[in-house]
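Asks: The structure follows.
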Amino acid sequence: MKKKIFQVVAITIAVSCANLAFAAPHWNHEEQATWWEIEDTSKDLPMKYPFATCGVGQHQSPIDLATAKFDNTKKLNKLQASYPIDPAPVFFNSGHGIQVNTSNDYKGEIKIGEESYPLIQFHFHEPSEHVINGKPFAAELHYVHVGNDGRIIVVGAAIDIGAENPTFQTVLDNMPHEHASQKTGANITINPASLLPASLDPNDLDFYSLAGSLTTPPCSEGVQWYLLSQVITISAAQLEQLKSFYSDNARSPQNINGRTLSSTN
Ligand SMILES: [Zn+2]
């Protein structure tokens with residue numbers, strides 16, 4: 001089942017890279033204003049514009065959190081992260097960012113109320129995609145989960161400059177520099193939870209939640225976002241190392257279009 005889920009995610013998220021086996025058009029972050037009009041010349045309408053949602057979608061991510069109204073009438077489920085150590089993570093340079101894919105039989109998941117969503121991969125953007133009053137954080141971490149029904153849940157964490165993050169260093173040190181390439185380290189393990197501050201209770205995370213989309217083509221909607229209230233830190237040197245892979249790989253804030261934020265705070 002995990003294999004199948006991974007294929008779904010690969011198609012949804014990695015399809016955009018022309019260097020991969022999937023025949024999708026090339027895109028980059030510099031041309032994000034016109035992602036919607038990129039053509040797949042091998043297809044007829046309506047498949048000719050595979051990234052149309054990037055332009056016409058009304059629930060696009062990321063957003064400027066300051067533009068959203070709060071709706072505190074919703075009863076929120078508890079967000080519980082159960083991310084054990086992955087004994088064989090795959091370090092994947094996607095061509096658009098650095099990413100760690102969890103191994104095939106990895107059991108890590110996020111629980112929202114009674115629903116469980118397996119952790120498929122996590123990746124980084126520099127600077128952050130979600131901003132507050134137009135101001136980005138140094139970077140942003142996205143944990144991507146896909147349920148058995150195909151629903152995508154992204155848990156996001158803003159990254160500030162501060163104390164060094166040893167788990168992030170493991171990611172940086174094992175990431176291949178070549179675009180669209182991946183590497184599995186011998187005896188390299190990752191505990192995805194240890195990217196988060198030790199002071200956080202993984203069984204009761206505080207968050208802001210809203211409906212949104214993938215932030216890269218095809219910008220598919222129906223993604224539920226959980227942005228953690230507490231920021232995580234990496235050192236200034238680690239930020240420089242992140243930028244040696246990718247810099248400015250963040251999508252600009254999108255229109256809120258009446259969406260509301262729910263929050264545990
Ligand atoms: Zn992302």
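Just so we're on the same page: first chain in the structure tokens is A, next is B, and so on; residues restart at 1 for each chain, and ligands are numbered from 1 in the order they show up.
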Produce as a VMD selection string the set of residues near ligand 1, where near means within 12 Å with only C-alpha atoms and all ligand atoms considered.
Replies: chain A and resid 13 to 14 61 to 62 94 96 to 100 121 to 130 139 to 145 153 to 158 212 to 217 219 223 225 227 249 to 251
Asks: Only C-alpha atoms, please: the residues just picked out, written as an mmCIF file, in the first residue's frame.
Replies:
```cif
data_model
loop_
_atom_site.group_PDB
_atom_site.id
_atom_site.type_symbol
_atom_site.label_atom_id
_atom_site.label_comp_id
_atom_site.auth_asym_id
_atom_site.auth_seq_id
_atom_site.Cartn_x
_atom_site.Cartn_y
_atom_site.Cartn_z
ATOM 1 C CA ILE A 13 4.456 16.402 -6.530
ATOM 2 C CA ALA A 14 7.454 15.306 -8.548
ATOM 3 C CA SER A 61 -0.977 28.366 -1.117
ATOM 4 C CA PRO A 62 1.007 29.919 0.422
ATOM 5 C CA SER A 94 14.191 17.292 -6.757
ATOM 6 C CA HIS A 96 13.345 22.494 -7.170
ATOM 7 C CA GLY A 97 14.396 21.895 -3.589
ATOM 8 C CA ILE A 98 16.003 19.465 -1.168
ATOM 9 C CA GLN A 99 13.754 16.691 0.076
ATOM 10 C CA VAL A 100 13.906 13.534 2.158
ATOM 11 C CA GLN A 121 8.498 13.157 2.489
ATOM 12 C CA PHE A 122 9.681 16.439 3.897
ATOM 13 C CA HIS A 123 11.422 19.300 2.082
ATOM 14 C CA PHE A 124 12.626 22.881 2.490
ATOM 15 C CA HIS A 125 12.000 26.302 0.937
ATOM 16 C CA GLU A 126 14.277 29.371 1.204
ATOM 17 C CA PRO A 127 12.967 31.880 2.240
ATOM 18 C CA SER A 128 9.678 30.798 3.814
ATOM 19 C CA GLU A 129 6.560 30.565 1.646
ATOM 20 C CA HIS A 130 4.066 31.608 4.330
ATOM 21 C CA ALA A 139 13.172 29.184 5.501
ATOM 22 C CA GLU A 140 10.233 26.784 5.800
ATOM 23 C CA LEU A 141 9.951 23.050 6.356
ATOM 24 C CA HIS A 142 7.045 21.071 4.855
ATOM 25 C CA TYR A 143 6.146 17.591 6.082
ATOM 26 C CA VAL A 144 3.967 16.009 3.357
ATOM 27 C CA HIS A 145 1.456 13.311 4.335
ATOM 28 C CA ILE A 153 -1.937 17.095 4.614
ATOM 29 C CA VAL A 154 1.078 19.390 4.858
ATOM 30 C CA VAL A 155 2.493 20.330 8.243
ATOM 31 C CA GLY A 156 4.604 23.460 7.875
ATOM 32 C CA ALA A 157 7.167 24.925 10.238
ATOM 33 C CA ALA A 158 8.736 28.360 9.904
ATOM 34 C CA GLY A 212 -4.882 25.404 0.393
ATOM 35 C CA SER A 213 -2.878 23.820 -2.392
ATOM 36 C CA LEU A 214 0.493 22.450 -3.389
ATOM 37 C CA THR A 215 2.833 25.452 -3.666
ATOM 38 C CA THR A 216 4.530 24.063 -6.778
ATOM 39 C CA PRO A 217 2.987 23.045 -10.115
ATOM 40 C CA CYS A 219 -0.760 23.649 -7.607
ATOM 41 C CA VAL A 223 -4.521 20.255 0.524
ATOM 42 C CA TRP A 225 -2.356 22.981 5.846
ATOM 43 C CA LEU A 227 1.268 25.560 10.219
ATOM 44 C CA ASN A 249 12.573 28.513 -4.192
ATOM 45 C CA ALA A 250 9.483 29.961 -2.524
ATOM 46 C CA ARG A 251 6.140 30.782 -4.111
#
```
Asks: Just how far from atom CA of A:Ala88 is atom CA of A:Thr170, in Å to one decimal?
Replies: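 These two atoms are separated by 12.8 Å.
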Asks: If you run DSSP over the backbone, which residues in stretch 51-175 of chain A end up strand (DSSP E)? Put them as a ChimeraX atom specification.
Replies: /A:69-70,79-82,90-93,98-101,109-112,115-125,131-132,135-136,139-146,152-161
Asks: Can you write just those residues out, C-alpha atoms, as an mmCIF file, in the first residue's frame?
Replies:
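Output file part_28.cif is given in full below:
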```
data_model
loop_
_atom_site.group_PDB
_atom_site.id
_atom_site.type_symbol
_atom_site.label_atom_id
_atom_site.label_comp_id
_atom_site.auth_asym_id
_atom_site.auth_seq_id
_atom_site.Cartn_x
_atom_site.Cartn_y
_atom_site.Cartn_z
ATOM 1 C CA LYS A 69 -9.468 36.286 9.314
ATOM 2 C CA PHE A 70 -9.670 33.898 12.222
ATOM 3 C CA LEU A 79 -2.636 17.224 15.871
ATOM 4 C CA GLN A 80 -0.324 14.394 16.884
ATOM 5 C CA ALA A 81 2.964 13.696 15.106
ATOM 6 C CA SER A 82 4.300 10.190 15.399
ATOM 7 C CA VAL A 90 16.192 8.703 0.611
ATOM 8 C CA PHE A 91 17.920 12.075 0.114
ATOM 9 C CA PHE A 92 16.313 13.541 -2.985
ATOM 10 C CA ASN A 93 17.414 16.656 -4.852
ATOM 11 C CA ILE A 98 16.003 19.465 -1.168
ATOM 12 C CA GLN A 99 13.754 16.691 0.076
ATOM 13 C CA VAL A 100 13.906 13.534 2.158
ATOM 14 C CA ASN A 101 11.626 10.686 1.075
ATOM 15 C CA GLU A 109 2.321 9.481 10.425
ATOM 16 C CA ILE A 110 0.350 12.466 11.576
ATOM 17 C CA LYS A 111 -2.886 11.863 13.440
ATOM 18 C CA ILE A 112 -5.693 14.412 13.213
ATOM 19 C CA GLU A 115 -7.574 10.010 10.992
ATOM 20 C CA SER A 116 -3.990 8.970 10.207
ATOM 21 C CA TYR A 117 -1.891 10.246 7.336
ATOM 22 C CA PRO A 118 1.471 8.577 6.560
ATOM 23 C CA LEU A 119 4.529 10.830 6.252
ATOM 24 C CA ILE A 120 5.796 10.486 2.680
ATOM 25 C CA GLN A 121 8.498 13.157 2.489
ATOM 26 C CA PHE A 122 9.681 16.439 3.897
ATOM 27 C CA HIS A 123 11.422 19.300 2.082
ATOM 28 C CA PHE A 124 12.626 22.881 2.490
ATOM 29 C CA HIS A 125 12.000 26.302 0.937
ATOM 30 C CA VAL A 131 4.772 35.171 5.440
ATOM 31 C CA ILE A 132 3.389 37.558 8.070
ATOM 32 C CA LYS A 135 7.784 39.403 5.965
ATOM 33 C CA PRO A 136 9.201 35.935 5.291
ATOM 34 C CA ALA A 139 13.172 29.184 5.501
ATOM 35 C CA GLU A 140 10.233 26.784 5.800
ATOM 36 C CA LEU A 141 9.951 23.050 6.356
ATOM 37 C CA HIS A 142 7.045 21.071 4.855
ATOM 38 C CA TYR A 143 6.146 17.591 6.082
ATOM 39 C CA VAL A 144 3.967 16.009 3.357
ATOM 40 C CA HIS A 145 1.456 13.311 4.335
ATOM 41 C CA VAL A 146 -0.900 11.425 2.049
ATOM 42 C CA ILE A 152 -2.784 15.541 1.238
ATOM 43 C CA ILE A 153 -1.937 17.095 4.614
ATOM 44 C CA VAL A 154 1.078 19.390 4.858
ATOM 45 C CA VAL A 155 2.493 20.330 8.243
ATOM 46 C CA GLY A 156 4.604 23.460 7.875
ATOM 47 C CA ALA A 157 7.167 24.925 10.238
ATOM 48 C CA ALA A 158 8.736 28.360 9.904
ATOM 49 C CA ILE A 159 12.509 28.365 10.287
ATOM 50 C CA ASP A 160 14.457 31.145 12.036
ATOM 51 C CA ILE A 161 18.183 31.611 12.442
#
```
Asks: Please provide the set of residues having any atom within 9 Å of A:Pro50, restricted to only C-alpha atoms, with same-chain residues fewer than 2 positions apart removed, written as a list of chain:residue names.
Replies: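 Answer for this query is A:Ala24, A:Pro25, A:Trp36, A:Glu37, A:Ile38, A:Glu39, A:Asp40, A:Pro46, A:Met47, A:Lys48, A:Ala52, A:Thr53, A:Pro217, A:Pro218.
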Asks: In Å, with one decimal, what is the gap from atom CA of A:Phe207 to atom CA of A:Gln224?
Replies: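 Spanning atom CA of A:Phe207 to atom CA of A:Gln224 is a straight-line distance of 12.1 Å.
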Asks: Could you jot down the atom CA of A:Asp204 to atom CA of A:Lys74 separation for me, Å, one decimal place?
Replies: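 That distance, rounded to one decimal, is 17.3 Å.
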Asks: Excluding same-chain residues fewer than 2 positions from A:Thr167, what lies within 7 Å of it counting only C-alpha atoms, as a ChimeraX atom specification?
Replies: /A:165,169-171,194-195
Asks: Would you please extract all helix (DSSP H, G or I) residues from stretch 126-238 of chain A, as assigned by DSSP on the backbone, and give them as number ranges by chain?
Replies: A: 166-174, 192-195, 236-238
Asks: Between A:Val56, A:Ala211, A:Ile85, A:Val231, which residue has the minimum interatomic distance to A:Arg151, considering only C-alpha atoms?
Replies: A:Ala211
Asks: Which of these residues is nearest to A:Ile190, using only C-alpha atoms: A:Thr41, A:Thr264, A:Ser103, A:Thr67?
Replies: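 Ranking A:Thr41, A:Thr264, A:Ser103, A:Thr67 by distance to A:Ile190, first place goes to A:Ser103.
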